[in-house]
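A.B. asks: Data file data23.cif (mmCIF, C-alpha atoms and all ligand atoms) is appended below.
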```
data_start
loop_
_atom_site.label_atom_id
_atom_site.label_comp_id
_atom_site.auth_asym_id
_atom_site.auth_seq_id
_atom_site.Cartn_x
_atom_site.Cartn_y
_atom_site.Cartn_z
CA MET E 21 24.57 -12.36 5.32
CA LEU E 22 26.61 -14.69 3.09
CA LYS E 23 25.57 -14.23 -0.54
CA LEU E 24 25.31 -17.38 -2.69
CA GLY E 25 25.02 -16.77 -6.46
CA VAL E 26 23.45 -19.54 -8.54
CA PRO E 27 22.38 -19.70 -12.22
CA SER E 28 19.01 -18.07 -12.65
CA LYS E 29 17.42 -20.44 -15.12
CA GLY E 30 17.38 -23.76 -16.93
CA ARG E 31 18.86 -27.11 -16.06
CA LEU E 32 21.88 -25.63 -14.30
CA MET E 33 19.56 -23.87 -11.83
CA GLU E 34 17.37 -26.93 -11.29
CA GLN E 35 20.30 -29.32 -10.79
CA CYS E 36 21.92 -26.81 -8.47
CA PHE E 37 18.75 -26.62 -6.36
CA ASP E 38 18.64 -30.46 -6.31
CA TRP E 39 22.30 -30.67 -5.23
CA PHE E 40 21.80 -28.31 -2.27
CA GLY E 41 18.42 -29.89 -1.44
CA ALA E 42 19.98 -33.38 -1.22
CA ARG E 43 22.32 -31.93 1.43
CA GLY E 44 19.61 -30.35 3.53
CA VAL E 45 19.80 -26.81 2.17
CA LYS E 46 16.62 -25.87 0.37
CA LEU E 47 16.99 -23.23 -2.35
CA ARG E 48 13.93 -21.99 -4.19
CA ARG E 49 12.79 -19.22 -6.42
CA THR E 50 10.18 -16.93 -4.98
CA GLY E 51 7.67 -14.66 -6.69
CA SER E 52 6.56 -15.13 -10.27
CA ASP E 53 8.31 -17.33 -12.86
CA ARG E 54 10.03 -14.28 -14.26
CA GLU E 55 11.05 -12.64 -11.01
CA TYR E 56 14.71 -13.24 -10.15
CA ALA E 57 14.22 -13.63 -6.40
CA GLY E 58 15.03 -16.59 -4.20
CA ALA E 59 15.00 -17.92 -0.66
CA VAL E 60 17.04 -20.37 1.43
CA GLU E 61 15.81 -22.74 4.12
CA GLY E 62 17.97 -24.90 6.35
CA VAL E 63 20.93 -22.59 6.98
CA ASP E 64 20.85 -19.24 8.77
CA GLY E 65 22.76 -16.30 7.37
CA LEU E 66 22.67 -17.39 3.71
CA GLN E 67 21.09 -15.25 1.00
CA LEU E 68 20.30 -16.57 -2.49
CA VAL E 69 21.17 -14.40 -5.49
CA LEU E 70 20.01 -15.53 -8.96
CA LEU E 71 22.48 -14.53 -11.68
CA SER E 72 23.48 -15.33 -15.24
CA ALA E 73 25.92 -18.28 -15.18
CA GLY E 74 28.29 -16.22 -17.31
CA GLU E 75 28.35 -13.33 -14.82
CA ILE E 76 28.99 -15.40 -11.69
CA PRO E 77 32.81 -15.50 -12.16
CA ARG E 78 32.97 -11.70 -12.32
CA GLU E 79 30.71 -11.28 -9.29
CA LEU E 80 32.93 -13.69 -7.32
CA ALA E 81 36.10 -11.89 -8.40
CA ALA E 82 34.63 -8.55 -7.32
CA GLY E 83 33.58 -10.04 -3.97
CA ARG E 84 29.95 -9.00 -4.52
CA ILE E 85 28.95 -12.60 -3.77
CA HIS E 86 30.72 -14.85 -1.25
CA LEU E 87 29.85 -18.13 -2.91
CA GLY E 88 28.85 -19.00 -6.46
CA VAL E 89 27.91 -21.97 -8.62
CA THR E 90 28.86 -21.96 -12.29
CA GLY E 91 30.70 -24.00 -14.90
CA SER E 92 34.45 -24.39 -14.30
CA ASP E 93 34.93 -23.42 -17.97
CA LEU E 94 33.44 -19.99 -17.30
CA VAL E 95 35.58 -19.36 -14.19
CA GLN E 96 38.81 -20.47 -15.85
CA GLU E 97 38.04 -18.46 -18.99
CA LYS E 98 36.88 -15.25 -17.37
CA LEU E 99 39.29 -14.95 -14.43
CA ALA E 100 43.02 -14.42 -14.96
CA ASP E 101 44.96 -16.70 -12.58
CA TRP E 102 41.62 -17.98 -11.23
CA PRO E 103 43.03 -19.77 -8.12
CA SER E 104 44.20 -16.40 -6.82
CA GLN E 105 40.64 -15.05 -7.02
CA VAL E 106 38.38 -17.97 -6.05
CA VAL E 107 38.60 -21.17 -4.01
CA GLU E 108 37.12 -24.29 -5.57
CA LEU E 109 35.00 -25.84 -2.82
CA ALA E 110 33.30 -28.70 -4.67
CA PRO E 111 32.82 -30.08 -8.16
CA MET E 112 29.08 -30.82 -8.19
CA GLY E 113 28.75 -33.69 -10.66
CA PHE E 114 26.44 -32.08 -13.22
CA GLY E 115 26.66 -29.58 -16.06
CA HIS E 116 29.36 -31.69 -17.71
CA ALA E 117 30.65 -30.31 -21.00
CA ASP E 118 33.96 -30.59 -22.87
CA LEU E 119 35.73 -27.65 -24.44
CA ILE E 120 37.31 -29.12 -27.58
CA ILE E 121 39.08 -28.14 -30.80
CA ALA E 122 37.34 -29.33 -33.96
CA VAL E 123 38.14 -29.09 -37.67
CA PRO E 124 36.15 -29.96 -40.81
CA ALA E 125 35.45 -33.71 -40.99
CA CYS E 126 36.60 -33.56 -44.64
CA TRP E 127 40.22 -32.68 -43.69
CA PRO E 128 41.70 -36.21 -44.00
CA ASP E 129 45.20 -35.27 -42.85
CA VAL E 130 44.27 -33.38 -39.71
CA ASP E 131 43.49 -35.53 -36.66
CA THR E 132 45.86 -34.20 -34.00
CA LEU E 133 47.26 -30.89 -32.75
CA ASP E 134 50.53 -31.59 -34.59
CA ASP E 135 48.52 -32.03 -37.80
CA LEU E 136 46.71 -28.78 -37.07
CA ASP E 137 50.01 -26.98 -36.58
CA ALA E 138 51.27 -28.27 -39.94
CA ALA E 139 47.97 -27.42 -41.65
CA ALA E 140 48.05 -23.94 -40.13
CA ALA E 141 51.55 -23.27 -41.48
CA ALA E 142 50.52 -24.50 -44.94
CA PHE E 143 47.32 -22.44 -44.76
CA ARG E 144 49.26 -19.28 -44.04
CA ARG E 145 51.67 -19.89 -46.93
CA GLU E 146 48.79 -20.51 -49.30
CA HIS E 147 46.34 -17.82 -48.20
CA GLY E 148 48.57 -15.12 -46.75
CA PHE E 149 46.67 -15.00 -43.46
CA ARG E 150 46.51 -17.23 -40.42
CA LEU E 151 44.07 -20.11 -40.03
CA ARG E 152 41.07 -18.89 -38.03
CA ILE E 153 39.73 -20.68 -34.96
CA ALA E 154 36.32 -19.40 -33.82
CA THR E 155 35.63 -19.43 -30.08
CA LYS E 156 34.36 -17.53 -27.08
CA TYR E 157 36.99 -19.21 -24.87
CA HIS E 158 39.97 -17.05 -25.82
CA ARG E 159 42.06 -17.47 -22.68
CA LEU E 160 41.64 -21.25 -22.33
CA VAL E 161 42.23 -21.95 -26.02
CA ARG E 162 45.25 -19.63 -26.36
CA ASP E 163 46.92 -21.14 -23.27
CA PHE E 164 46.17 -24.69 -24.46
CA LEU E 165 47.52 -24.15 -27.98
CA THR E 166 50.63 -22.42 -26.65
CA ARG E 167 51.30 -25.35 -24.28
CA HIS E 168 50.97 -27.74 -27.22
CA GLY E 169 53.16 -25.79 -29.62
CA VAL E 170 50.49 -24.70 -32.11
CA ALA E 171 51.43 -21.22 -33.29
CA ASP E 172 50.28 -20.19 -36.75
CA TYR E 173 46.62 -19.45 -36.04
CA GLN E 174 44.37 -16.56 -35.06
CA LEU E 175 41.35 -16.64 -32.78
CA VAL E 176 38.17 -15.04 -34.07
CA ASP E 177 35.46 -14.22 -31.59
CA SER E 178 32.20 -16.14 -31.73
CA GLN E 179 29.70 -15.69 -28.92
CA GLY E 180 27.22 -18.32 -30.17
CA ALA E 181 26.40 -20.73 -33.01
CA THR E 182 30.17 -21.22 -33.22
CA GLU E 183 29.96 -24.48 -35.19
CA GLY E 184 28.31 -22.54 -38.01
CA THR E 185 31.34 -20.32 -38.60
CA VAL E 186 33.14 -22.94 -40.72
CA LYS E 187 30.20 -23.30 -43.11
CA ASN E 188 29.84 -19.53 -43.16
CA LEU E 189 33.53 -19.23 -44.11
CA THR E 190 34.39 -16.96 -41.20
CA ALA E 191 36.66 -19.62 -39.62
CA GLU E 192 38.49 -22.83 -40.58
CA ALA E 193 38.23 -24.51 -37.15
CA VAL E 194 36.32 -24.05 -33.88
CA ALA E 195 36.90 -24.38 -30.16
CA ASP E 196 33.60 -24.84 -28.36
CA ILE E 197 31.71 -26.72 -25.68
CA THR E 198 30.18 -30.06 -26.55
CA SER E 199 28.19 -32.59 -24.56
CA THR E 200 26.37 -35.00 -26.90
CA GLY E 201 28.48 -34.09 -29.95
CA GLU E 202 25.36 -33.63 -32.06
CA THR E 203 26.01 -30.00 -32.99
CA LEU E 204 29.52 -30.88 -34.18
CA ARG E 205 28.26 -33.82 -36.25
CA ALA E 206 25.43 -31.79 -37.75
CA ASN E 207 27.98 -29.18 -38.85
CA HIS E 208 30.42 -31.75 -40.33
CA LEU E 209 33.16 -31.15 -37.78
CA LYS E 210 35.44 -33.67 -36.04
CA ILE E 211 37.24 -33.34 -32.72
CA LEU E 212 41.04 -33.59 -32.77
CA SER E 213 42.08 -36.76 -30.91
CA ASP E 214 44.21 -34.70 -28.48
CA GLY E 215 41.99 -31.60 -28.73
CA LEU E 216 40.34 -31.69 -25.29
CA VAL E 217 41.03 -28.26 -23.77
CA HIS E 218 38.98 -28.47 -20.58
CA GLN E 219 36.45 -30.81 -18.97
CA SER E 220 33.88 -28.56 -17.37
CA GLN E 221 31.27 -29.20 -14.72
CA ALA E 222 29.19 -27.08 -12.39
CA THR E 223 31.36 -26.19 -9.40
CA LEU E 224 30.86 -24.39 -6.10
CA TYR E 225 33.35 -21.56 -5.59
CA ALA E 226 34.11 -19.11 -2.77
CA ALA E 227 35.39 -15.58 -3.40
CA ARG E 228 38.75 -14.69 -1.85
CA GLU E 229 38.05 -10.94 -2.00
CA ALA E 230 34.56 -11.03 -0.44
CA ASP E 231 34.01 -9.59 3.02
CA TRP E 232 34.52 -12.57 5.35
CA THR E 233 34.30 -10.53 8.57
CA GLY E 234 31.40 -10.31 11.03
CA GLY E 235 30.84 -14.03 11.56
CA ARG E 236 30.73 -14.88 7.86
CA ARG E 237 33.60 -17.35 8.16
CA ALA E 238 31.64 -19.16 10.84
CA THR E 239 28.59 -19.26 8.56
CA LEU E 240 30.79 -20.65 5.78
CA ALA E 241 32.17 -23.31 8.13
CA ARG E 242 28.61 -24.32 9.15
CA LEU E 243 27.45 -24.43 5.55
CA ALA E 244 30.52 -26.39 4.36
CA SER E 245 29.99 -28.95 7.08
CA ARG E 246 26.29 -29.27 6.20
CA LEU E 247 27.16 -29.72 2.52
CA GLY E 248 29.99 -32.14 3.26
CA VAL E 249 32.56 -30.02 1.42
CA SER E 250 35.84 -28.43 2.46
CA ALA E 251 35.90 -24.67 3.05
CA GLY E 252 39.42 -24.63 1.62
CA ASP E 253 41.81 -22.18 3.22
CA LEU E 254 39.04 -19.66 3.92
CA VAL E 255 38.15 -21.03 7.36
N1 LIG E 301 25.34 -28.27 -24.52
C1 LIG E 301 25.74 -28.15 -23.27
N2 LIG E 301 25.65 -29.20 -22.44
C2 LIG E 301 26.05 -29.10 -21.16
N3 LIG E 301 26.54 -27.97 -20.62
C3 LIG E 301 26.62 -26.91 -21.41
C4 LIG E 301 26.23 -26.93 -22.75
N4 LIG E 301 26.42 -25.70 -23.27
C5 LIG E 301 26.91 -24.96 -22.26
N5 LIG E 301 27.05 -25.68 -21.14
C6 LIG E 301 27.56 -25.23 -19.86
O1 LIG E 301 26.61 -24.44 -19.22
C7 LIG E 301 27.23 -23.35 -18.55
C8 LIG E 301 26.49 -22.06 -18.87
O2 LIG E 301 26.59 -21.81 -20.24
P1 LIG E 301 26.28 -20.41 -20.91
O3 LIG E 301 27.41 -19.47 -20.73
O4 LIG E 301 25.87 -20.75 -22.30
O5 LIG E 301 25.12 -19.86 -20.05
P2 LIG E 301 23.62 -19.66 -20.43
O6 LIG E 301 22.87 -20.87 -20.07
O7 LIG E 301 23.54 -19.15 -21.83
O8 LIG E 301 23.24 -18.56 -19.37
P3 LIG E 301 23.44 -16.99 -19.39
O9 LIG E 301 23.21 -16.52 -20.81
O10 LIG E 301 22.37 -16.55 -18.44
O11 LIG E 301 24.83 -16.72 -18.88
C9 LIG E 301 28.69 -23.36 -18.98
O12 LIG E 301 29.49 -23.73 -17.88
C10 LIG E 301 28.78 -24.41 -20.07
O13 LIG E 301 29.92 -25.22 -19.94
O1 LIG E 302 27.29 -31.34 -28.05
P1 LIG E 302 25.89 -30.79 -28.04
O2 LIG E 302 25.00 -31.53 -27.10
O3 LIG E 302 25.31 -30.72 -29.42
O4 LIG E 302 25.95 -29.31 -27.43
C1 LIG E 302 26.82 -28.35 -27.92
C2 LIG E 302 26.21 -27.02 -28.10
O5 LIG E 302 25.65 -26.51 -26.88
C3 LIG E 302 26.17 -25.20 -26.65
O6 LIG E 302 25.41 -24.26 -27.28
P2 LIG E 302 24.20 -23.50 -26.60
O7 LIG E 302 22.94 -24.23 -26.87
O8 LIG E 302 24.51 -23.17 -25.18
O9 LIG E 302 24.18 -22.16 -27.49
P3 LIG E 302 25.32 -21.21 -28.03
O10 LIG E 302 25.50 -21.59 -29.45
O11 LIG E 302 24.75 -19.86 -27.82
O12 LIG E 302 26.59 -21.42 -27.23
C4 LIG E 302 27.52 -25.22 -27.31
O13 LIG E 302 27.96 -23.91 -27.62
C5 LIG E 302 27.27 -26.05 -28.54
O14 LIG E 302 26.85 -25.26 -29.61
#
```
Would you encode the structure as structure tokens?
Ligand SMILES: Nc1ncnc2c1ncn2[C@@H]1O[C@H](COP(=O)(O)OP(=O)(O)OP(=O)(O)O)[C@@H](O)[C@H]1O
Ligand SMILES: O=P(O)(O)OC[C@H]1O[C@H](OP(=O)(O)OP(=O)(O)O)[C@H](O)[C@@H]1O

C.D. replies:
Amino acid sequence: MLKLGVPSKGRLMEQCFDWFGARGVKLRRTGSDREYAGAVEGVDGLQLVLLSAGEIPRELAAGRIHLGVTGSDLVQEKLADWPSQVVELAPMGFGHADLIIAVPACWPDVDTLDDLDAAAAAFRREHGFRLRIATKYHRLVRDFLTRHGVADYQLVDSQGATEGTVKNLTAEAVADITSTGETLRANHLKILSDGLVHQSQATLYAAREADWTGGRRATLARLASRLGVSAGDLV
């Protein structure tokens, strides 16, 4: 069997089911509302596994699932050198969200990354410690800021309600996902004009390290053709 991991709940799960359904592969949950079990109709040899969106990158990297749907932000954050571990088969056109850097709206002189770099240097001189950026996206944010020459900062971990850290005085800036922008506005934060770190969307991935023997490549080829996507260099 080829194992396909998809998000186990919410809009990501529903839109994922719709995406496959529109291409003739019917995914559905089975059992009670709370039972994480699923079934596939329309393709032989495919098994549905319902997982937390955040755990799908790790399951792909370990080869415990052959295919997985999750946000590209989560794959690129959680997997070092992600192209060496997974193959991106198809961006799916939903689950759009932007990972951005935002600062207090009341900082009149900080609108760009260069401004942030200058503000960070001044902050360190004045306070004796580095300006704090709260995020759960450590890898993506660190790589982005390094590429753009911002140095004098520290990342502080925030696994949720990240926009609240500025008001709570545990950070001076944030790097988080936004879609409507409402959470940022409600917390008096503004996005830096060049502060877009990553544009995320739900994406179908295949695991390089999964067991592709025993006819599984042929199943992947059949599925890819049914879905109208490339199987990358796996087939
Ligand atoms: N406000 C939002 N609008 C659109 N997409 C979002 C939003 N917040 C998060 N996402 C996206 O949804 C995906 C899943 O996010 P998250 O890690 O919060 O999972 P979750 O829904 O909390 O599930 P789980 O806790 O089971 O992992 C991510 O790829 C993220 O980019
Ligand atoms: O731009 P908006 O439409 O306002 O959406 C942005 C919010 O959505 C996400 O939070 P989520 O609800 O997933 O909870 P979290 O705080 O646990 O990350 C994200 O972390 C933002 O806080």

A.B. asks: Given the choices E:Thr90, E:Gln221, E:Asn207, E:Thr200, which gets closest to Thr182 in chain E if the distance is worked out from all atoms listed in the file?

C.D. replies: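 Of all the options, E:Asn207 lies closest to Thr182 in chain E.
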
A.B. asks: Could you list the protein, DNA and RNA residues that have any atom within 7 Å of ligand LIG 301 (chain E), counting only C-alpha atoms and all ligand atoms, and write them as a list of chain:residue names?

C.D. replies: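 For ligand LIG 301 (chain E), the residues inside 7 Å are E:Pro27, E:Ser28, E:Gly30, E:Leu32, E:Ser72, E:Ala73, E:Gly74, E:Glu75, E:Thr90, E:Gly91, E:Ser92, E:Asp93, E:Leu94, E:Gly115, E:His116, E:Ala117, E:Ile197, E:Thr198, E:Ser199, E:Ser220, E:Gln221, E:Ala222.
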
A.B. asks: Within 10 Å of His158 in chain E, counting all atoms listed in the file, which residues qualify if same-chain residues fewer than 3 places away don't, as a list in words?

C.D. replies: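 Result of the neighbour search: Glu97, Lys98, Ile153, Ala154, Thr155, Val161, Arg162, Asp163, Phe164, Leu175, Val176, Asp177, Ser178 and Ala195 of chain E.
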
A.B. asks: Given the choices E:Val63, E:Ala181, E:Met112, E:Ala193, which gets closest to ligand LIG 302 (chain E) if the distance is worked out from all atoms listed in the file?

C.D. replies: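 Once distances to ligand LIG 302 (chain E) are computed over all atoms listed in the file, the minimum belongs to E:Ala181.
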
A.B. asks: Compare E:Leu68, E:Ala227, E:Val194, E:Leu247 by their minimum atom-to-atom distance to ligand LIG 302 (chain E), counting all atoms listed in the file, and give me the closest one.

C.D. replies: E:Val194

A.B. asks: Please report the interatomic distance between CA of Tyr225 in chain E and CA of Arg167 in chain E in Å with one decimal.

C.D. replies: 26.2 Å

A.B. asks: Within 12 Å of Glu202 in chain E, counting all atoms listed in the file, which residues qualify if same-chain residues fewer than 6 places away don't, as a list in words?

C.D. replies: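 Neighbouring residues, sequence-local ones excluded: Glu183, His208, Leu209, Lys210 and Ile211 of chain E.
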
A.B. asks: Between E:Asp214, E:Glu61, E:Glu108, E:Asp38, single out the one closest to Ala226 in chain E, counting only C-alpha atoms.

C.D. replies: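 That would be E:Glu108, the residue with the smallest distance to Ala226 in chain E.
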
A.B. asks: Please compute the atom C4 of ligand LIG 302 (chain E)-CA of Thr203 in chain E distance, one decimal, in Å.

C.D. replies: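 Separation between atom C4 of ligand LIG 302 (chain E) and CA of Thr203 in chain E: 7.6 Å.
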
A.B. asks: As an exercise, work out the distance from CA of Lys156 in chain E to CA of Gln179 in chain E in Å and give it to one decimal place.

C.D. replies: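 A separation of 5.3 Å between them.
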
A.B. asks: As a list in words, please: the residues near Leu66 in chain E (cut-off 10 Å, only C-alpha atoms, same-chain neighbours under 6 positions excluded).

C.D. replies: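 Final neighbour list, sorted by chain and number: Met21, Leu22, Lys23, Leu24, Val45, Ala59, Val60, His86, Leu87, Arg236, Thr239, Leu240 and Leu243 of chain E.
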